[in-house]
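Novice: Structure file run.cif (mmCIF, C-alpha atoms) is given on the next line.
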```
data_work
loop_
_atom_site.group_PDB
_atom_site.id
_atom_site.type_symbol
_atom_site.label_atom_id
_atom_site.label_comp_id
_atom_site.auth_asym_id
_atom_site.auth_seq_id
_atom_site.Cartn_x
_atom_site.Cartn_y
_atom_site.Cartn_z
ATOM 1 C CA MET A 27 0.000 0.000 0.000
ATOM 2 C CA SER A 28 1.488 3.339 -0.967
ATOM 3 C CA LEU A 29 0.365 6.931 -0.813
ATOM 4 C CA ARG A 30 1.803 9.404 -3.278
ATOM 5 C CA ALA A 31 1.113 12.674 -5.018
ATOM 6 C CA PRO A 32 -0.924 12.206 -8.197
ATOM 7 C CA GLY A 33 0.814 12.277 -11.541
ATOM 8 C CA ALA A 34 0.192 15.008 -14.082
ATOM 9 C CA HIS A 35 -1.406 12.398 -16.352
ATOM 10 C CA PRO A 36 -3.117 9.045 -15.583
ATOM 11 C CA SER A 37 -0.238 7.237 -17.306
ATOM 12 C CA VAL A 38 2.043 8.383 -14.464
ATOM 13 C CA ASP A 39 -0.271 6.728 -11.933
ATOM 14 C CA ARG A 40 -0.274 3.551 -14.061
ATOM 15 C CA GLU A 41 3.531 3.547 -14.046
ATOM 16 C CA ALA A 42 3.453 3.981 -10.256
ATOM 17 C CA LEU A 43 1.085 0.993 -10.015
ATOM 18 C CA VAL A 44 3.465 -1.120 -12.120
ATOM 19 C CA ALA A 45 6.371 -0.076 -9.885
ATOM 20 C CA ALA A 46 4.373 -0.901 -6.726
ATOM 21 C CA VAL A 47 3.468 -4.363 -8.064
ATOM 22 C CA ALA A 48 7.095 -4.999 -9.035
ATOM 23 C CA THR A 49 8.282 -3.957 -5.570
ATOM 24 C CA VAL A 50 5.775 -6.152 -3.733
ATOM 25 C CA ALA A 51 6.419 -9.129 -6.035
ATOM 26 C CA ALA A 52 10.200 -8.549 -5.951
ATOM 27 C CA VAL A 53 10.460 -8.599 -9.746
ATOM 28 C CA ASP A 54 11.647 -6.204 -12.410
ATOM 29 C CA THR A 55 8.954 -3.944 -13.880
ATOM 30 C CA VAL A 56 9.215 -5.754 -17.252
ATOM 31 C CA ALA A 57 7.561 -8.782 -15.569
ATOM 32 C CA VAL A 58 4.488 -6.688 -14.717
ATOM 33 C CA ARG A 59 1.561 -5.945 -16.984
ATOM 34 C CA ALA A 60 -1.147 -3.571 -15.794
ATOM 35 C CA GLY A 61 -4.073 -1.626 -17.117
ATOM 36 C CA ARG A 62 -7.748 -0.888 -16.651
ATOM 37 C CA VAL A 63 -10.819 -2.526 -18.077
ATOM 38 C CA CYS A 64 -14.489 -1.701 -17.776
ATOM 39 C CA GLN A 65 -16.465 -4.874 -17.096
ATOM 40 C CA HIS A 66 -19.497 -3.389 -18.814
ATOM 41 C CA CYS A 67 -18.231 -1.898 -22.051
ATOM 42 C CA GLY A 68 -14.758 -3.417 -22.338
ATOM 43 C CA ALA A 69 -13.057 -0.018 -22.647
ATOM 44 C CA THR A 70 -9.510 0.277 -21.336
ATOM 45 C CA ASP A 71 -9.485 4.006 -20.611
ATOM 46 C CA HIS A 72 -11.585 3.530 -17.462
ATOM 47 C CA GLY A 73 -12.729 0.751 -15.178
ATOM 48 C CA ARG A 74 -11.134 -1.488 -12.618
ATOM 49 C CA PRO A 75 -7.326 -1.689 -12.540
ATOM 50 C CA TRP A 76 -5.678 -5.076 -13.070
ATOM 51 C CA ALA A 77 -2.129 -6.398 -12.941
ATOM 52 C CA THR A 78 -0.230 -9.595 -13.610
ATOM 53 C CA VAL A 79 3.272 -10.744 -12.753
ATOM 54 C CA HIS A 80 4.674 -13.266 -15.239
ATOM 55 C CA GLY A 81 1.079 -13.765 -16.407
ATOM 56 C CA GLU A 82 -0.323 -14.517 -12.925
ATOM 57 C CA PRO A 83 -3.003 -12.150 -11.569
ATOM 58 C CA VAL A 84 -2.161 -9.878 -8.643
ATOM 59 C CA GLY A 85 -4.699 -8.019 -6.534
ATOM 60 C CA VAL A 86 -4.542 -4.260 -7.122
ATOM 61 C CA SER A 87 -6.669 -1.251 -6.297
ATOM 62 C CA LEU A 88 -6.257 2.464 -6.843
ATOM 63 C CA SER A 89 -7.967 5.513 -5.387
ATOM 64 C CA ARG A 90 -7.583 9.249 -5.812
ATOM 65 C CA ALA A 91 -8.435 12.196 -3.591
ATOM 66 C CA PRO A 92 -7.315 15.786 -4.143
ATOM 67 C CA GLY A 93 -3.526 15.766 -3.807
ATOM 68 C CA THR A 94 -3.219 12.024 -3.088
ATOM 69 C CA VAL A 95 -3.205 8.679 -4.883
ATOM 70 C CA ALA A 96 -3.442 5.403 -2.951
ATOM 71 C CA LEU A 97 -2.131 2.231 -4.573
ATOM 72 C CA ALA A 98 -2.767 -1.162 -3.003
ATOM 73 C CA VAL A 99 -1.165 -4.435 -4.057
ATOM 74 C CA GLY A 100 -1.816 -7.867 -2.579
ATOM 75 C CA PRO A 101 -2.060 -11.551 -3.327
ATOM 76 C CA GLY A 102 -5.839 -11.528 -3.731
ATOM 77 C CA PRO A 103 -8.857 -9.285 -4.137
ATOM 78 C CA LEU A 104 -8.617 -5.995 -2.325
ATOM 79 C CA GLY A 105 -10.061 -2.525 -2.388
ATOM 80 C CA VAL A 106 -8.638 0.795 -1.307
ATOM 81 C CA ASP A 107 -10.203 4.193 -0.924
ATOM 82 C CA VAL A 108 -8.715 7.493 0.162
ATOM 83 C CA GLU A 109 -10.884 10.493 0.968
ATOM 84 C CA ARG A 110 -10.537 14.037 2.214
ATOM 85 C CA VAL A 111 -12.584 14.363 5.421
ATOM 86 C CA SER A 112 -13.530 17.918 4.460
ATOM 87 C CA ARG A 113 -15.088 16.750 1.177
ATOM 88 C CA VAL A 114 -17.046 13.858 2.669
ATOM 89 C CA ALA A 115 -18.406 16.101 5.428
ATOM 90 C CA ALA A 116 -20.482 17.816 2.726
ATOM 91 C CA ALA A 117 -21.898 14.514 1.387
ATOM 92 C CA PRO A 118 -25.620 13.770 1.702
ATOM 93 C CA LEU A 119 -26.473 11.543 4.653
ATOM 94 C CA ASP A 120 -28.657 9.256 2.522
ATOM 95 C CA VAL A 121 -25.605 7.186 1.538
ATOM 96 C CA PHE A 122 -25.047 6.208 5.173
ATOM 97 C CA THR A 123 -26.959 3.576 7.138
ATOM 98 C CA ALA A 124 -28.856 4.558 10.256
ATOM 99 C CA GLY A 125 -26.242 2.669 12.299
ATOM 100 C CA GLU A 126 -23.398 4.627 10.700
ATOM 101 C CA VAL A 127 -25.102 7.954 11.347
ATOM 102 C CA ALA A 128 -25.764 6.997 14.985
ATOM 103 C CA ARG A 129 -22.224 5.698 15.580
ATOM 104 C CA ALA A 130 -20.661 8.768 13.912
ATOM 105 C CA ALA A 131 -22.625 11.156 16.142
ATOM 106 C CA GLY A 132 -21.883 13.980 13.695
ATOM 107 C CA ASP A 133 -18.104 13.392 13.568
ATOM 108 C CA PRO A 134 -17.034 14.113 9.964
ATOM 109 C CA ALA A 135 -13.883 11.972 10.302
ATOM 110 C CA VAL A 136 -16.020 8.949 11.212
ATOM 111 C CA LEU A 137 -18.418 9.607 8.331
ATOM 112 C CA ALA A 138 -15.437 9.937 5.950
ATOM 113 C CA ALA A 139 -14.091 6.600 7.204
ATOM 114 C CA CYS A 140 -17.540 5.056 6.661
ATOM 115 C CA TRP A 141 -17.650 6.345 3.090
ATOM 116 C CA ALA A 142 -14.100 5.190 2.345
ATOM 117 C CA GLY A 143 -14.925 1.803 3.875
ATOM 118 C CA LYS A 144 -17.971 1.427 1.643
ATOM 119 C CA GLU A 145 -15.912 2.191 -1.454
ATOM 120 C CA ALA A 146 -13.076 -0.131 -0.414
ATOM 121 C CA VAL A 147 -15.487 -3.031 0.202
ATOM 122 C CA LEU A 148 -17.318 -2.462 -3.092
ATOM 123 C CA LYS A 149 -14.030 -2.211 -5.009
ATOM 124 C CA ARG A 150 -12.873 -5.487 -3.442
ATOM 125 C CA ASP A 151 -16.210 -7.013 -4.423
ATOM 126 C CA GLY A 152 -15.559 -5.933 -8.017
ATOM 127 C CA ARG A 153 -18.846 -4.165 -8.634
ATOM 128 C CA GLY A 154 -17.886 -0.793 -7.181
ATOM 129 C CA LEU A 155 -20.492 1.912 -7.004
ATOM 130 C CA ARG A 156 -22.852 -0.003 -9.288
ATOM 131 C CA VAL A 157 -23.991 -1.386 -5.908
ATOM 132 C CA ASP A 158 -25.896 0.935 -3.563
ATOM 133 C CA PRO A 159 -23.345 2.157 -0.990
ATOM 134 C CA ALA A 160 -26.073 2.075 1.661
ATOM 135 C CA SER A 161 -25.970 -1.743 1.374
ATOM 136 C CA VAL A 162 -22.605 -1.662 3.164
ATOM 137 C CA ASP A 163 -22.665 -0.904 6.900
ATOM 138 C CA VAL A 164 -19.292 0.253 8.235
ATOM 139 C CA ASP A 165 -18.468 0.142 11.935
ATOM 140 C CA VAL A 166 -15.359 2.321 12.231
ATOM 141 C CA LEU A 167 -14.716 1.483 15.896
ATOM 142 C CA ALA A 168 -14.806 -2.262 15.173
ATOM 143 C CA ALA A 169 -12.871 -1.737 11.886
ATOM 144 C CA GLN A 170 -15.285 -3.882 9.921
ATOM 145 C CA ALA A 171 -18.021 -3.696 7.328
ATOM 146 C CA THR A 172 -21.073 -5.838 6.827
ATOM 147 C CA PHE A 173 -22.016 -6.445 3.202
ATOM 148 C CA GLU A 174 -24.447 -9.032 1.847
ATOM 149 C CA GLY A 175 -24.476 -10.855 5.190
ATOM 150 C CA SER A 176 -20.687 -11.111 5.436
ATOM 151 C CA VAL A 177 -18.508 -9.252 7.924
ATOM 152 C CA GLN A 178 -15.275 -7.976 6.387
ATOM 153 C CA PRO A 179 -12.298 -6.602 8.319
ATOM 154 C CA LEU A 180 -11.051 -3.147 7.379
ATOM 155 C CA VAL A 181 -7.801 -1.302 7.929
ATOM 156 C CA ILE A 182 -8.659 2.337 8.700
ATOM 157 C CA LEU A 183 -5.866 4.894 8.828
ATOM 158 C CA HIS A 184 -5.641 8.675 9.135
ATOM 159 C CA PRO A 185 -2.255 9.515 7.555
ATOM 160 C CA GLU A 186 -3.060 13.250 7.753
ATOM 161 C CA PRO A 187 -5.687 15.162 9.767
ATOM 162 C CA ASP A 188 -7.891 15.714 6.679
ATOM 163 C CA LEU A 189 -7.238 12.318 5.063
ATOM 164 C CA VAL A 190 -8.696 8.879 5.683
ATOM 165 C CA LEU A 191 -7.455 5.694 4.029
ATOM 166 C CA VAL A 192 -9.358 2.405 4.159
ATOM 167 C CA VAL A 193 -8.237 -0.956 2.824
ATOM 168 C CA ALA A 194 -10.489 -4.009 2.474
ATOM 169 C CA ALA A 195 -8.103 -6.920 2.032
ATOM 170 C CA GLY A 196 -9.907 -9.798 3.664
ATOM 171 C CA GLY A 197 -7.839 -9.493 6.836
ATOM 172 C CA ALA A 198 -4.433 -9.489 5.141
ATOM 173 C CA ALA A 199 -1.776 -7.378 6.836
ATOM 174 C CA VAL A 200 -1.455 -3.870 5.405
ATOM 175 C CA SER A 201 1.568 -1.603 5.511
ATOM 176 C CA VAL A 202 1.634 1.931 4.143
ATOM 177 C CA GLN A 203 4.577 3.530 2.361
ATOM 178 C CA ALA A 204 4.788 7.177 1.414
ATOM 179 C CA GLY A 205 5.757 7.626 -2.215
#
```
Take the structure from the file and write it as structure tokens.

Specialist:
Amino acid sequence: MSLRAPGAHPSVDREALVAAVATVAAVDTVAVRAGRVCQHCGATDHGRPWATVHGEPVGVSLSRAPGTVALAVGPGPLGVDVERVSRVAAAPLDVFTAGEVARAAGDPAVLAACWAGKEAVLKRDGRGLRVDPASVDVDVLAAQATFEGSVQPLVILHPEPDLVLVVAAGGAAVSVQAG
């Protein structure tokens, strides 16, 4: 998992993803292939990121917030989301469950972590925001989300006062590197 400043062009972020995969897999970047593909239209200029090392799939996820890109790499499915607390604080409350609203008690950092958790879980699931985010209930204090009857562990970090980072990796250990 790495946090870095965004590139001037999406190709820079793709190159950073390739480098992150190579680092985690301990291979040269020429062994890594990566891109994006939309599961609905097949386009490669948007959609879910993917990567392989020597032809074998690697779990990857990417998220952007103003001034920050989060890249996650792991052995299996995972999802990452990074959000600015100040931006999520202005979000409509109808995307949050009643439990999330009650547990947050008006704390914008908790609501931002709930939102980032929803996105991370739905990215790991593979369907992303095509699924109603209100179908995911995030308990920030317990560091877990409930989605479609399954409880999923989350890693919730606040690398800066106005930034929340959430990784859904099925309980796999997560370490964060600044890039």

Novice: Rounded to one decimal in Å, what is the spacing between CA of Ser176 (chain A) and CA of Gly105 (chain A)?

Specialist: 15.7 Å

Novice: Do you know which residues the PyMOL selection byres ((chain A and resi 193) around 12) returns on this file, as a PyMOL selection string?

Specialist: chain A and resi 27-28+86-89+96-100+103-109+139-150+169-171+178-184+190-192+194-202

Novice: When you count only C-alpha atoms, which of these residues is closest to Glu174 (chain A): A:Cys64, A:Leu189, A:Val84, A:Val157?

Specialist: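 Residue with the minimum atom-to-atom distance to Glu174 (chain A): A:Val157.
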
Novice: Once the PyMOL selection byres ((chain A and resi 44) around 8) has been applied to the shown file, what residues remain in the selection, as a ChimeraX atom specification?

Specialist: /A:40-43,45-48,55,58-60,77

Novice: What does the distance from CA of Val79 (chain A) to CA of Gly33 (chain A) come to in Å, to one decimal?

Specialist: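 One can read the CA of Val79 (chain A) to CA of Gly33 (chain A) distance as 23.2 Å.
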
Novice: Which polymer residues, whether protein, DNA or RNA, lie within 7 Å of the coordinate (0.3, 9.9, -1.8) when you count only C-alpha atoms? List them as a ChimeraX atom specification, using the chain letters and numbers from the file.

Specialist: /A:28-32,94-96,204-205
